[in-house]
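Raw contents of structure_39.cif, mmCIF, C-alpha atoms:
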```
data_structure
#
loop_
_atom_site.label_atom_id
_atom_site.label_comp_id
_atom_site.auth_asym_id
_atom_site.auth_seq_id
_atom_site.Cartn_x
_atom_site.Cartn_y
_atom_site.Cartn_z
CA MET A 1 100.57 37.32 140.87
CA LYS A 2 98.47 39.13 143.44
CA SER A 3 94.74 38.61 143.68
CA ARG A 4 92.34 41.53 143.28
CA ASP A 5 91.68 41.53 147.02
CA GLU A 6 95.40 41.77 147.72
CA ILE A 7 95.66 44.65 145.28
CA ARG A 8 92.77 46.38 147.07
CA ASP A 9 94.57 45.91 150.37
CA ASP A 10 97.62 47.58 148.88
CA LEU A 11 95.74 50.66 147.61
CA PRO A 12 96.07 52.75 150.81
CA LEU A 13 99.81 52.10 150.91
CA TYR A 14 100.06 52.85 147.19
CA ALA A 15 98.33 56.19 147.69
CA LEU A 16 100.70 56.92 150.54
CA GLY A 17 103.71 55.99 148.39
CA ALA A 18 104.72 53.31 150.88
CA LEU A 19 104.82 50.27 148.59
CA GLU A 20 107.95 48.63 147.24
CA ALA A 21 108.64 48.91 143.50
CA ASP A 22 107.31 45.45 142.63
CA GLU A 23 104.14 46.02 144.64
CA ARG A 24 103.65 49.41 142.98
CA ALA A 25 104.01 47.79 139.58
CA ALA A 26 101.39 45.17 140.50
CA VAL A 27 98.90 47.86 141.53
CA GLU A 28 99.57 49.87 138.39
CA ALA A 29 99.16 46.79 136.20
CA ALA A 30 95.79 46.10 137.83
CA LEU A 31 94.71 49.71 137.34
CA ALA A 32 95.84 49.61 133.71
CA GLU A 33 93.30 46.88 133.09
CA GLY A 34 90.61 49.52 133.49
CA ASP A 35 89.06 48.37 136.75
CA ALA A 36 86.88 51.41 137.53
CA GLU A 37 86.11 50.27 141.06
CA LEU A 38 89.79 49.98 141.93
CA ALA A 39 90.46 53.37 140.37
CA GLY A 40 87.64 54.90 142.39
CA GLU A 41 88.99 53.45 145.63
CA LEU A 42 92.46 54.72 144.83
CA ARG A 43 91.06 58.23 144.25
CA GLU A 44 89.48 58.13 147.68
CA TRP A 45 92.68 56.93 149.35
CA SER A 46 94.66 59.63 147.51
CA GLU A 47 92.26 62.33 148.71
CA LEU A 48 92.73 61.04 152.24
CA VAL A 49 96.50 61.28 151.89
CA GLY A 50 96.03 64.83 150.64
CA LEU A 51 94.03 65.73 153.74
CA MET A 52 96.94 64.73 155.95
CA ALA A 53 98.72 67.85 154.74
CA LEU A 54 96.27 69.84 156.83
CA GLU A 55 97.60 68.34 160.04
CA ALA A 56 100.32 70.93 160.48
CA PRO A 57 99.76 74.22 158.66
CA ALA A 58 102.20 76.99 159.37
CA ALA A 59 102.11 80.68 158.51
CA ALA A 60 103.80 81.10 155.17
CA PRO A 61 105.99 84.21 154.82
CA PRO A 62 103.94 86.86 153.02
CA ASP A 63 106.43 87.37 150.21
CA ILE A 64 105.67 83.94 148.72
CA GLY A 65 102.25 85.09 147.55
CA ALA A 66 103.67 88.29 146.11
CA ALA A 67 106.51 86.49 144.35
CA LEU A 68 104.04 83.98 142.95
CA LEU A 69 101.84 86.69 141.54
CA ALA A 70 104.86 88.48 140.15
CA ARG A 71 105.88 85.31 138.35
CA ALA A 72 102.40 84.83 137.00
CA ARG A 73 102.42 88.36 135.58
CA GLY A 74 105.53 87.55 133.64
CA ALA A 75 108.03 89.25 135.89
CA ALA A 76 111.48 87.75 136.20
CA ALA A 77 110.86 84.64 138.22
CA PRO A 78 112.99 84.34 141.32
CA SER A 79 114.17 80.87 142.35
CA ALA A 80 113.22 81.56 145.92
CA PRO A 81 111.28 84.27 147.74
CA ARG A 82 114.36 85.45 149.62
CA VAL A 83 116.07 86.02 146.28
CA ALA A 84 113.03 87.89 145.10
CA ARG A 85 113.39 90.33 147.94
CA ARG A 86 116.92 91.14 146.87
CA ARG A 87 116.50 91.34 143.11
CA LEU A 88 113.00 92.70 142.63
CA GLY A 89 113.00 95.92 144.52
CA TRP A 90 110.02 97.15 142.50
CA ALA A 91 108.12 94.06 143.53
CA VAL A 92 108.14 95.02 147.20
CA PRO A 93 105.46 97.72 146.98
CA PHE A 94 103.57 95.47 144.61
CA ALA A 95 103.82 92.68 147.15
CA ALA A 96 102.46 94.95 149.85
CA ALA A 97 99.57 95.94 147.60
CA ALA A 98 98.88 92.35 146.69
CA MET A 99 98.89 91.27 150.32
CA ALA A 100 96.57 94.14 151.16
CA LEU A 101 94.19 92.87 148.50
CA PHE A 102 94.45 89.38 149.96
CA ALA A 103 93.68 90.77 153.38
CA ILE A 104 90.69 92.85 152.25
CA ALA A 105 89.21 89.93 150.38
CA GLY A 106 89.91 87.68 153.29
CA TYR A 107 88.42 89.94 155.95
CA ARG A 108 85.11 89.97 154.07
CA GLU A 109 84.86 86.29 154.72
CA ILE A 110 86.50 86.09 158.08
CA GLY A 111 83.32 86.48 160.08
CA PHE A 112 81.66 83.69 158.18
CA ARG A 113 84.72 81.49 158.38
CA ALA A 114 85.22 82.07 162.08
CA GLU A 115 81.59 81.16 162.72
CA ARG A 116 82.00 78.08 160.57
CA ALA A 117 85.17 77.14 162.43
CA ARG A 118 83.36 77.37 165.75
CA THR A 119 80.56 75.22 164.35
CA VAL A 120 83.03 72.61 163.16
CA GLU A 121 84.75 72.55 166.54
CA THR A 122 81.35 72.05 168.15
CA ILE A 123 80.59 69.25 165.71
CA VAL A 124 83.91 67.58 166.52
CA ALA A 125 83.17 67.80 170.25
CA LEU A 126 79.63 66.50 169.77
CA ARG A 127 80.89 63.67 167.57
CA ARG A 128 83.33 62.63 170.28
CA ALA A 129 80.61 62.80 172.91
CA LEU A 130 78.30 60.80 170.66
CA ASP A 131 81.00 58.16 170.11
CA ALA A 132 81.55 57.93 173.86
CA GLY A 133 77.80 57.66 174.48
CA GLN A 134 77.42 54.96 171.84
CA ASN A 135 80.28 53.02 173.38
CA GLU A 136 78.59 53.21 176.77
CA ILE A 137 75.28 52.07 175.31
CA ALA A 138 76.98 49.17 173.55
CA ALA A 139 78.74 48.17 176.78
CA GLY A 140 75.43 48.44 178.68
CA ARG A 141 73.67 46.27 176.11
CA ALA A 142 76.42 43.66 176.29
CA ALA A 143 76.19 43.62 180.09
CA LEU A 144 72.39 43.30 179.90
CA ALA A 145 72.63 40.44 177.41
CA GLN A 146 75.08 38.70 179.72
CA ARG A 147 72.73 39.18 182.68
CA GLU A 148 69.81 37.79 180.68
CA ALA A 149 71.91 34.79 179.68
CA ASP A 150 72.87 34.28 183.31
CA VAL A 151 69.23 34.47 184.41
CA GLY A 152 68.22 32.02 181.66
CA GLY A 153 70.91 29.60 182.79
CA LEU A 154 69.84 29.92 186.42
CA ARG A 155 66.20 29.31 185.55
CA ALA A 156 67.13 26.16 183.61
CA ALA A 157 69.29 24.97 186.50
CA LEU A 158 66.45 25.67 188.94
CA ALA A 159 63.94 23.73 186.81
CA GLN A 160 66.34 20.80 186.65
CA ALA A 161 66.94 20.87 190.39
CA GLU A 162 63.18 20.96 191.07
CA ALA A 163 62.63 17.96 188.77
CA GLU A 164 65.38 16.06 190.53
CA LEU A 165 64.01 17.02 193.92
CA ALA A 166 60.56 15.79 192.89
CA VAL A 167 62.05 12.36 192.21
CA VAL A 168 64.24 12.05 195.29
CA GLN A 169 61.46 13.25 197.62
CA GLN A 170 59.26 10.30 196.68
CA PRO A 171 58.82 7.43 199.14
CA ARG A 172 60.27 4.00 198.27
CA LEU A 173 63.13 5.56 196.38
CA GLN A 174 65.58 2.98 195.05
CA MET A 175 69.13 3.54 193.98
CA VAL A 176 71.14 1.23 191.73
CA SER A 177 74.87 1.56 191.08
CA LEU A 178 76.43 0.95 187.69
CA ARG A 179 80.06 0.02 187.08
CA GLU A 180 82.21 -0.12 184.00
CA THR A 181 82.22 -3.41 182.13
CA LYS A 182 85.33 -5.43 181.35
CA ASP A 183 87.60 -3.61 178.82
CA ALA A 184 85.60 -0.35 179.21
CA PRO A 185 87.32 2.81 180.55
CA PRO A 186 86.87 3.44 184.31
CA ALA A 187 83.53 5.12 184.99
CA ALA A 188 80.60 4.87 187.39
CA GLY A 189 76.95 5.76 187.53
CA HIS A 190 73.74 5.33 189.45
CA VAL A 191 70.04 5.33 188.83
CA LEU A 192 67.46 6.73 191.23
CA LEU A 193 64.14 4.96 190.74
CA SER A 194 60.78 6.20 192.00
CA PRO A 195 58.32 3.35 191.39
CA PRO A 196 55.23 5.30 192.58
CA THR A 197 55.79 7.97 189.90
CA GLY A 198 57.55 5.78 187.31
CA LYS A 199 60.31 8.39 187.01
CA ALA A 200 64.01 7.72 187.15
CA LEU A 201 67.18 9.82 187.22
CA PHE A 202 70.38 8.48 185.80
CA TYR A 203 73.82 9.97 186.48
CA ALA A 204 77.20 8.82 185.20
CA PHE A 205 80.67 10.07 186.03
CA ASP A 206 83.96 10.02 184.10
CA LEU A 207 82.57 8.66 180.84
CA PRO A 208 84.78 9.96 178.01
CA ARG A 209 83.08 11.94 175.23
CA VAL A 210 82.37 9.90 172.10
CA PRO A 211 82.80 11.13 168.48
CA ASP A 212 80.04 13.32 167.00
CA ASP A 213 78.62 10.39 165.03
CA LYS A 214 78.21 8.36 168.27
CA VAL A 215 76.14 8.70 171.41
CA TYR A 216 75.70 6.95 174.75
CA GLU A 217 72.37 5.16 175.16
CA LEU A 218 70.80 4.09 178.48
CA TRP A 219 68.79 0.85 178.52
CA TRP A 220 66.45 -0.86 180.93
CA ILE A 221 66.94 -4.63 180.83
CA THR A 222 63.43 -5.98 181.43
CA GLU A 223 61.92 -9.34 182.18
CA LYS A 224 59.46 -9.43 179.24
CA GLN A 225 60.88 -7.17 176.53
CA GLY A 226 64.62 -7.46 177.08
CA PRO A 227 66.45 -4.13 176.47
CA VAL A 228 64.12 -1.06 176.42
CA ARG A 229 65.38 2.41 175.40
CA ALA A 230 65.67 4.88 178.29
CA GLY A 231 67.44 7.82 176.67
CA ILE A 232 70.60 9.02 174.92
CA PHE A 233 73.23 11.42 176.25
CA GLN A 234 76.68 12.94 175.93
CA PRO A 235 78.84 13.81 178.97
CA ASP A 236 79.29 17.53 179.63
CA GLU A 237 82.70 19.19 179.82
CA ARG A 238 83.05 18.04 183.45
CA GLY A 239 82.48 14.40 182.48
CA LEU A 240 79.03 14.39 184.10
CA SER A 241 76.12 12.68 182.31
CA ARG A 242 72.46 12.95 183.24
CA VAL A 243 69.24 11.46 181.88
CA GLU A 244 65.66 11.90 183.09
CA ALA A 245 64.00 8.59 182.22
CA VAL A 246 60.67 6.87 182.57
CA MET A 247 60.42 3.35 183.89
CA PRO A 248 58.64 1.00 181.42
CA SER A 249 55.26 0.04 182.83
CA ASP A 250 54.42 -3.10 180.88
CA ALA A 251 57.77 -4.82 180.49
CA GLY A 252 57.72 -6.81 183.69
CA VAL A 253 60.43 -6.67 186.31
CA LEU A 254 63.36 -4.34 185.72
CA GLN A 255 66.42 -6.54 185.94
CA ALA A 256 69.28 -4.19 185.14
CA ALA A 257 70.32 -0.86 183.67
CA ALA A 258 73.06 -0.60 181.04
CA VAL A 259 74.82 2.02 178.91
CA THR A 260 76.07 1.27 175.39
CA ILE A 261 77.76 3.32 172.67
CA GLU A 262 75.53 3.62 169.61
CA ALA A 263 75.18 5.59 166.39
CA ALA A 264 74.12 9.23 166.80
CA GLY A 265 70.40 9.50 167.46
CA GLY A 266 70.24 6.13 169.18
CA VAL A 267 69.04 2.70 168.00
CA PRO A 268 65.95 0.55 168.76
CA LYS A 269 68.01 -2.28 170.20
CA PRO A 270 71.57 -2.19 171.59
CA ALA A 271 74.23 -3.01 168.99
CA GLY A 272 77.37 -1.28 170.32
CA PRO A 273 79.68 -2.08 173.19
CA THR A 274 78.34 -1.95 176.76
CA VAL A 275 80.33 0.42 178.97
CA LEU A 276 78.26 0.55 182.20
CA LEU A 277 76.11 -2.12 183.80
CA GLY A 278 74.18 -2.33 187.09
CA LYS A 279 71.78 -5.03 188.28
CA LEU A 280 68.57 -3.89 189.93
CA MET B 1 90.17 75.47 137.93
CA ALA B 2 88.65 76.81 134.74
CA ALA B 3 89.76 80.29 135.82
CA LEU B 4 93.31 79.07 136.33
CA ARG B 5 93.29 77.51 132.89
CA ALA B 6 92.12 80.87 131.55
CA ARG B 7 95.21 82.43 133.17
CA ASP B 8 93.18 84.41 135.66
CA GLU B 9 95.65 85.67 138.26
CA ARG B 10 92.84 86.21 140.78
CA ALA B 11 92.17 82.46 140.69
CA LEU B 12 95.82 81.83 141.50
CA ALA B 13 95.64 84.33 144.35
CA ARG B 14 92.51 82.62 145.72
CA LEU B 15 94.13 79.21 145.50
CA TYR B 16 97.18 80.49 147.34
CA ASP B 17 95.00 82.23 149.90
CA ARG B 18 93.19 78.99 150.54
CA TYR B 19 96.08 76.55 150.64
CA GLY B 20 99.26 78.62 150.99
CA ASN B 21 99.75 77.97 154.68
CA ALA B 22 98.91 74.30 154.39
CA VAL B 23 101.41 73.79 151.57
CA TYR B 24 104.06 75.78 153.41
CA GLY B 25 103.36 73.88 156.67
CA LEU B 26 103.62 70.55 154.88
CA ALA B 27 106.89 71.50 153.20
CA LEU B 28 108.25 72.83 156.50
CA ARG B 29 107.27 69.67 158.34
CA VAL B 30 108.93 67.45 155.75
CA THR B 31 112.09 69.45 155.20
CA GLY B 32 112.52 71.14 158.58
CA ASP B 33 113.95 74.07 156.63
CA ALA B 34 112.04 77.36 156.32
CA GLY B 35 113.98 78.45 153.22
CA ALA B 36 113.37 75.16 151.45
CA ALA B 37 109.70 75.29 152.48
CA GLU B 38 109.34 78.76 150.90
CA GLU B 39 110.95 77.58 147.71
CA ILE B 40 108.82 74.45 147.56
CA SER B 41 105.64 76.45 148.21
CA LEU B 42 106.42 78.92 145.47
CA ASP B 43 107.44 76.24 142.98
CA THR B 44 104.37 74.13 143.75
CA PHE B 45 101.89 76.93 143.09
CA TRP B 46 103.88 77.97 140.07
CA GLN B 47 103.64 74.45 138.70
CA VAL B 48 99.87 74.52 139.21
CA TRP B 49 99.72 77.80 137.30
CA GLN B 50 101.80 76.46 134.45
CA GLN B 51 100.19 73.04 134.25
CA ALA B 52 96.57 73.93 134.99
CA GLU B 53 95.46 72.68 131.59
CA ARG B 54 96.87 69.24 132.41
CA TYR B 55 94.78 68.90 135.53
CA ASP B 56 92.30 66.04 135.26
CA GLY B 57 89.40 66.44 137.67
CA ALA B 58 88.56 62.77 137.34
CA GLN B 59 91.83 61.90 139.04
CA GLY B 60 91.08 63.85 142.21
CA SER B 61 90.56 67.26 143.72
CA VAL B 62 92.71 70.31 143.06
CA ARG B 63 93.62 70.30 146.73
CA ASN B 64 94.95 66.78 146.47
CA TRP B 65 96.86 67.58 143.28
CA LEU B 66 98.47 70.53 145.01
CA PHE B 67 99.39 68.66 148.19
CA THR B 68 100.70 65.69 146.26
CA MET B 69 103.05 67.94 144.29
CA ALA B 70 104.19 69.78 147.40
CA ARG B 71 104.84 66.60 149.34
CA SER B 72 106.67 65.01 146.44
CA ARG B 73 108.88 68.10 146.02
CA ALA B 74 109.57 68.27 149.74
CA ILE B 75 110.54 64.61 150.01
CA ASP B 76 112.77 64.95 146.93
CA CYS B 77 114.38 67.96 148.56
CA VAL B 78 115.12 66.02 151.74
CA ARG B 79 116.52 63.10 149.78
CA ALA B 80 118.75 65.45 147.81
CA ARG B 81 120.05 66.86 151.04
CA ALA B 82 120.34 63.53 152.81
CA ALA B 83 123.70 64.43 154.26
CA ARG B 84 122.24 67.44 156.03
CA LYS B 85 120.96 67.02 159.54
CA ARG B 86 117.22 67.55 159.45
CA THR B 87 115.15 69.01 162.21
CA ILE B 88 111.51 68.05 162.19
CA VAL B 89 109.08 70.75 163.15
CA ASP B 90 106.70 68.71 165.24
CA ASP B 91 103.99 71.16 166.04
CA PRO B 92 103.77 74.51 164.34
CA THR B 93 101.71 76.66 166.64
CA GLU B 94 98.25 78.03 166.10
CA GLU B 95 99.73 81.41 166.86
CA ALA B 96 101.90 81.13 163.76
CA ALA B 97 98.94 80.04 161.72
CA VAL B 98 96.81 83.05 162.61
CA ARG B 99 99.34 85.49 161.22
CA ARG B 100 97.23 85.30 158.06
CA PRO B 101 93.84 85.91 159.62
CA GLU B 102 91.87 85.43 156.45
CA GLU B 103 93.07 81.85 156.30
CA ALA B 104 93.00 81.04 160.00
CA ALA B 105 89.39 79.97 160.21
CA GLU B 106 89.73 77.71 157.19
CA LEU B 107 92.79 76.07 158.70
CA ILE B 108 91.23 75.67 162.11
CA GLU B 109 88.11 73.93 160.87
CA ARG B 110 89.91 71.42 158.72
CA ARG B 111 92.80 71.00 161.07
CA ALA B 112 90.38 70.29 163.91
CA LEU B 113 88.97 67.33 162.01
CA VAL B 114 92.32 66.06 160.75
CA ARG B 115 93.88 66.39 164.19
CA ALA B 116 90.92 64.68 165.82
CA ALA B 117 91.37 61.81 163.39
CA MET B 118 95.12 61.66 163.98
CA THR B 119 94.76 61.64 167.74
CA GLY B 120 92.38 58.75 167.38
CA LEU B 121 95.23 56.60 166.04
CA SER B 122 97.54 54.63 168.29
CA ALA B 123 101.06 55.95 168.82
CA ASP B 124 102.44 53.06 166.75
CA GLN B 125 100.08 53.82 163.89
CA ARG B 126 100.93 57.54 163.96
CA ALA B 127 104.66 56.81 163.94
CA ALA B 128 104.43 54.47 160.97
CA LEU B 129 102.16 56.85 159.09
CA ALA B 130 104.46 59.83 159.75
CA LEU B 131 107.49 57.96 158.42
CA ALA B 132 105.59 57.11 155.25
CA TYR B 133 103.97 60.49 154.76
CA TYR B 134 106.58 62.97 155.89
CA GLU B 135 109.73 61.04 155.05
CA GLY B 136 108.46 59.14 152.02
CA LEU B 137 109.68 55.80 153.33
CA SER B 138 108.37 52.49 152.00
CA HIS B 139 106.90 49.99 154.43
CA ALA B 140 110.10 47.92 154.19
CA GLN B 141 112.18 50.96 155.13
CA ILE B 142 109.79 51.77 157.97
CA ALA B 143 110.03 48.20 159.25
CA GLU B 144 113.81 48.51 159.22
CA ARG B 145 113.71 51.89 160.96
CA LEU B 146 111.29 50.70 163.66
CA GLN B 147 112.84 47.22 163.95
CA GLU B 148 109.45 45.67 163.44
CA PRO B 149 108.29 42.80 161.20
CA LEU B 150 107.35 43.88 157.68
CA GLY B 151 103.83 42.48 157.89
CA THR B 152 103.20 44.24 161.16
CA VAL B 153 104.16 47.61 159.72
CA LYS B 154 102.12 47.08 156.60
CA THR B 155 99.06 46.12 158.60
CA ARG B 156 99.57 49.02 160.98
CA ILE B 157 99.68 51.55 158.14
CA ARG B 158 96.65 50.03 156.45
CA GLN B 159 94.63 50.06 159.66
CA ALA B 160 95.66 53.65 160.34
CA MET B 161 94.49 54.68 156.87
CA ILE B 162 91.19 52.85 157.32
CA ALA B 163 90.66 54.59 160.67
CA LEU B 164 91.41 57.98 159.11
CA ARG B 165 89.02 57.33 156.25
CA ARG B 166 86.29 56.46 158.74
CA THR B 167 86.73 59.74 160.57
CA LEU B 168 87.55 62.04 157.68
CA GLY B 169 85.07 60.54 155.24
CA PRO B 170 82.91 63.70 155.11
CA LEU B 171 85.89 65.83 154.08
CA LEU B 172 86.70 63.55 151.16
CA THR B 173 83.69 64.85 149.31
CA LEU B 174 84.69 68.48 149.76
CA SER B 175 86.89 70.26 147.28
#
```

So, in terms of structure tokens, how does the structure I just supplied come out?
Amino acid sequence: MKSRDEIRDDLPLYALGALEADERAAVEAALAEGDAELAGELREWSELVGLMALEAPAAAPPDIGAALLARARGAAAPSAPRVARRRLGWAVPFAAAAMALFAIAGYREIGFRAERARTVETIVALRRALDAGQNEIAAGRAALAQREADVGGLRAALAQAEAELAVVQQPRLQMVSLRETKDAPPAAGHVLLSPPTGKALFYAFDLPRVPDDKVYELWWITEKQGPVRAGIFQPDERGLSRVEAVMPSDAGVLQAAAVTIEAAGGVPKPAGPTVLLGKL
Amino acid sequence: MAALRARDERALARLYDRYGNAVYGLALRVTGDAGAAEEISLDTFWQVWQQAERYDGAQGSVRNWLFTMARSRAIDCVRARAARKRTIVDDPTEEAAVRRPEEAAELIERRALVRAAMTGLSADQRAALALAYYEGLSHAQIAERLQEPLGTVKTRIRQAMIALRRTLGPLLTLS
């Protein structure tokens, strides 16, 4: 049993006569239920199929029109125009007269139609030019958006680099290395400390990403307050982790820096496994 | 259509004047046989004349009714003559079309739009559509003919039809 959406998808092929018997039956069963929207869509598809006949018009022999009119007037109906030419000798002058009438009527309109045809051809050309122009505008907008994104990224990178430079340009800079703890995957990190400014930069390398409900948390191990939160982070796609931290001012001597795995958002005190540790 | 129902021969003449070449061109394209195309054209218009009172405007335009009958007759004709080698007329010339000058402009304006829409399709889409429209093949038969997966052919035809509707939308509202 096909869904309504599947039936809708089949409508263009139904209008074209390109469905298999069982698919046709399914469409007809759906239409028989009185779905006006489906029926309306089918009408539109059918009209489209009808238009395809206009793709390749060819000049019909003039005797078809005459034979048709002869039939309509109750004359002996020929099975084909060529037969009509043989059997209906009297129809030949009639045919000529009929075609003359067609021509006279047609020539009255030909000026208008020719003008209209030229207008339509112009419209077609303009429509193509418009499509091409719109495509170029869309491509230009996409390129501009990409450039703006690139500039935004560069500005962010520049701001980060300036912040890092501000730390490393301070006198009395200290650097502490961190190593993986026992049973933790191989990784390394270091902390750059600037005591005059109280700022610190932490970097870690090769830490694996943790699940979405987990996060890495950096801790200062202090003399007076024990572990103090320094920031949470996730490694980027290159395995690089970075935290801009502030050194605690009233916790006494900084004894060590450590990284643990905690619940997403971080925790007040470390509860998860320690993966990196470095003594200051 | 009311004039046709009232058995007004002038209405029949106008209808033929408007669509005679298109019906003949369609029949010629499908059958590849000028004699058969003449016969189909004549019989199609004759059927319209005889069955005008059965025409239901809610089901679609007169043009579509006419073309549907012509196409159906042409495909039946080809099937009945399946043993005969068929030659497809790929591109009847404009020169042929202008032999009836009163109809030429009408053909040119519509044909310009239909052709523009057709040329906007990919070659694969046009091929699949032509097999369905001019040869009356189902998508399974087309898949077999083109040696392509069934789903691919079905999707290709659907996408071609959607593309045509996008381009030819304005003509769908015209009679």

Mind pulling up the distance from atom CA of Val243 of chain A to atom CA of Ala200 of chain A? 8.3 Å

Give me the result of the PyMOL selection byres ((chain B and resi 153) around 9) on this file, residue by residue, as an NGL selection string. :B and (125 or 128 or 139-140 or 142-143 or 146 or 148-152 or 154-158)

Spatial neighbours of segment 10-16 of chain B, max dist 8 Å, all atoms listed in the file, sep filter under 3 positions, as an MDAnalysis selection string: (chainID A and resid 65 69 102) or (chainID B and resid 1 3:4 19:20 45 49)

If we count all atoms listed in the file and set the cut-off at 10 Å, which residues sit around Glu41 of chain A, ignoring sequence neighbours fewer than 3 positions away in its own chain? Please answer as a VMD selection string. chain A and resid 8 11 to 12 15 36 to 38 44 to 47

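Going from atom CA of Gly272 of chain A over to atom CA of Leu193 of chain A, you cover 25.1 Å.
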
Go through B:Gly169, B:Ala123, B:Arg73, B:Arg81 one by one, measure the shortest atom-to-atom distance of each to chain A using only C-alpha atoms, and give the residue with the smallest value.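 Checking each of B:Gly169, B:Ala123, B:Arg73, B:Arg81 against chain A, counting only C-alpha atoms, the winner is B:Gly169.
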
Considering only C-alpha atoms, state which residue in the set B:Ala127, B:Ala80, B:Leu172, B:Ala116 is at the smallest distance from Ile123 of chain A. B:Ala116

Between B:Arg79, B:Arg165, B:Arg145, B:Arg18, which one has atoms that come closest to chain A, using all atoms listed in the file?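 The shortest atom-to-atom distance to chain A comes from B:Arg165.
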
Once the PyMOL selection byres ((chain A and resi 201-215) around 9) is applied to the coordinates I shared, what remains selected? I want it as a CSV table (one decimal) with C-alpha atoms, in the coordinates of the input.
```
chain,number,residue,atom,x,y,z
A,164,GLU,CA,65.4,16.1,190.5
A,167,VAL,CA,62.0,12.4,192.2
A,168,VAL,CA,64.2,12.0,195.3
A,178,LEU,CA,76.4,1.0,187.7
A,185,PRO,CA,87.3,2.8,180.6
A,186,PRO,CA,86.9,3.4,184.3
A,187,ALA,CA,83.5,5.1,185.0
A,188,ALA,CA,80.6,4.9,187.4
A,189,GLY,CA,77.0,5.8,187.5
A,190,HIS,CA,73.7,5.3,189.4
A,191,VAL,CA,70.0,5.3,188.8
A,192,LEU,CA,67.5,6.7,191.2
A,193,LEU,CA,64.1,5.0,190.7
A,194,SER,CA,60.8,6.2,192.0
A,199,LYS,CA,60.3,8.4,187.0
A,200,ALA,CA,64.0,7.7,187.2
A,216,TYR,CA,75.7,7.0,174.8
A,217,GLU,CA,72.4,5.2,175.2
A,218,LEU,CA,70.8,4.1,178.5
A,232,ILE,CA,70.6,9.0,174.9
A,233,PHE,CA,73.2,11.4,176.2
A,234,GLN,CA,76.7,12.9,175.9
A,235,PRO,CA,78.8,13.8,179.0
A,236,ASP,CA,79.3,17.5,179.6
A,237,GLU,CA,82.7,19.2,179.8
A,238,ARG,CA,83.0,18.0,183.4
A,239,GLY,CA,82.5,14.4,182.5
A,240,LEU,CA,79.0,14.4,184.1
A,241,SER,CA,76.1,12.7,182.3
A,242,ARG,CA,72.5,13.0,183.2
A,243,VAL,CA,69.2,11.5,181.9
A,244,GLU,CA,65.7,11.9,183.1
A,245,ALA,CA,64.0,8.6,182.2
A,246,VAL,CA,60.7,6.9,182.6
A,260,THR,CA,76.1,1.3,175.4
A,261,ILE,CA,77.8,3.3,172.7
A,262,GLU,CA,75.5,3.6,169.6
A,263,ALA,CA,75.2,5.6,166.4
A,264,ALA,CA,74.1,9.2,166.8
A,265,GLY,CA,70.4,9.5,167.5
A,266,GLY,CA,70.2,6.1,169.2
A,275,VAL,CA,80.3,0.4,179.0
A,276,LEU,CA,78.3,0.6,182.2
```

Go through A:Asp183, A:Ala26, A:Ala67, A:Ala32 one by one, measure the shortest atom-to-atom distance of each to chain B using all atoms listed in the file, and give the residue with the smallest value.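 Under the stated criterion, the closest residue is A:Ala67.
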
Please report, as JSON, the centre and edge lengths in Å to one decimal of an axis-aligned box covering all listed atoms of segment 46-58 of chain B with 4 Å per side.
```
{"center_x": 96.2, "center_y": 70.4, "center_z": 135.8, "size_x": 23.3, "size_y": 23.2, "size_z": 16.5}
```

Point out the residue among B:Ala117, B:Val30, B:Ala22, B:Ile162 with the least atom-to-atom distance to chain A, counting all atoms listed in the file.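 So, comparing all the options, the nearest one is B:Ala22.
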
Which is closest to chain A among B:Thr31, B:Gln51, B:Ser138, B:Thr119, if we use all atoms listed in the file? B:Ser138

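All residues of protein, DNA or RNA that reach within 8 Å of Leu16 of chain A, judged by only C-alpha atoms and not counting those fewer than 2 positions away in the chain, are A:Pro12, A:Leu13, A:Tyr14, A:Ala18, A:Ser46, A:Val49, B:Ala132, B:Tyr133.
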
How would the residues just chosen look if you wrote them out with C-alpha atoms as an mmCIF file, in the coordinates of the input?
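Saved file again-v9.cif follows:
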```cif
data_model
loop_
_atom_site.group_PDB
_atom_site.id
_atom_site.type_symbol
_atom_site.label_atom_id
_atom_site.label_comp_id
_atom_site.auth_asym_id
_atom_site.auth_seq_id
_atom_site.Cartn_x
_atom_site.Cartn_y
_atom_site.Cartn_z
ATOM 1 C CA PRO A 12 96.070 52.750 150.810
ATOM 2 C CA LEU A 13 99.810 52.100 150.910
ATOM 3 C CA TYR A 14 100.060 52.850 147.190
ATOM 4 C CA ALA A 18 104.720 53.310 150.880
ATOM 5 C CA SER A 46 94.660 59.630 147.510
ATOM 6 C CA VAL A 49 96.500 61.280 151.890
ATOM 7 C CA ALA B 132 105.590 57.110 155.250
ATOM 8 C CA TYR B 133 103.970 60.490 154.760
#
```

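Interatomic distance, atom CA of Ala251 of chain A to atom CA of Gly226 of chain A: 8.1 Å.
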
Every residue with an atom at most 7 Å from (96.9, 58.2, 156.7) (file coordinates; only C-alpha atoms) is what I'm after, so could you write them as JSON, numbers by chain? {"A": [48, 49, 52], "B": [129, 160, 161, 164]}

Residues near Arg111 of chain B, anyone? I mean within 8 Å using only C-alpha atoms, not counting same-chain ones fewer than 5 positions away, as JSON, numbers by chain. {"A": [54, 55, 56]}

At a cut-off of 9 Å around the point (107.8, 79.4, 155.8) (file coordinates), what residues fall inside when counting all atoms listed in the file? I'd like the answer as a PyMOL selection string. (chain A and resi 58-62+64) or (chain B and resi 21+24-25+27-28+33-39+41)
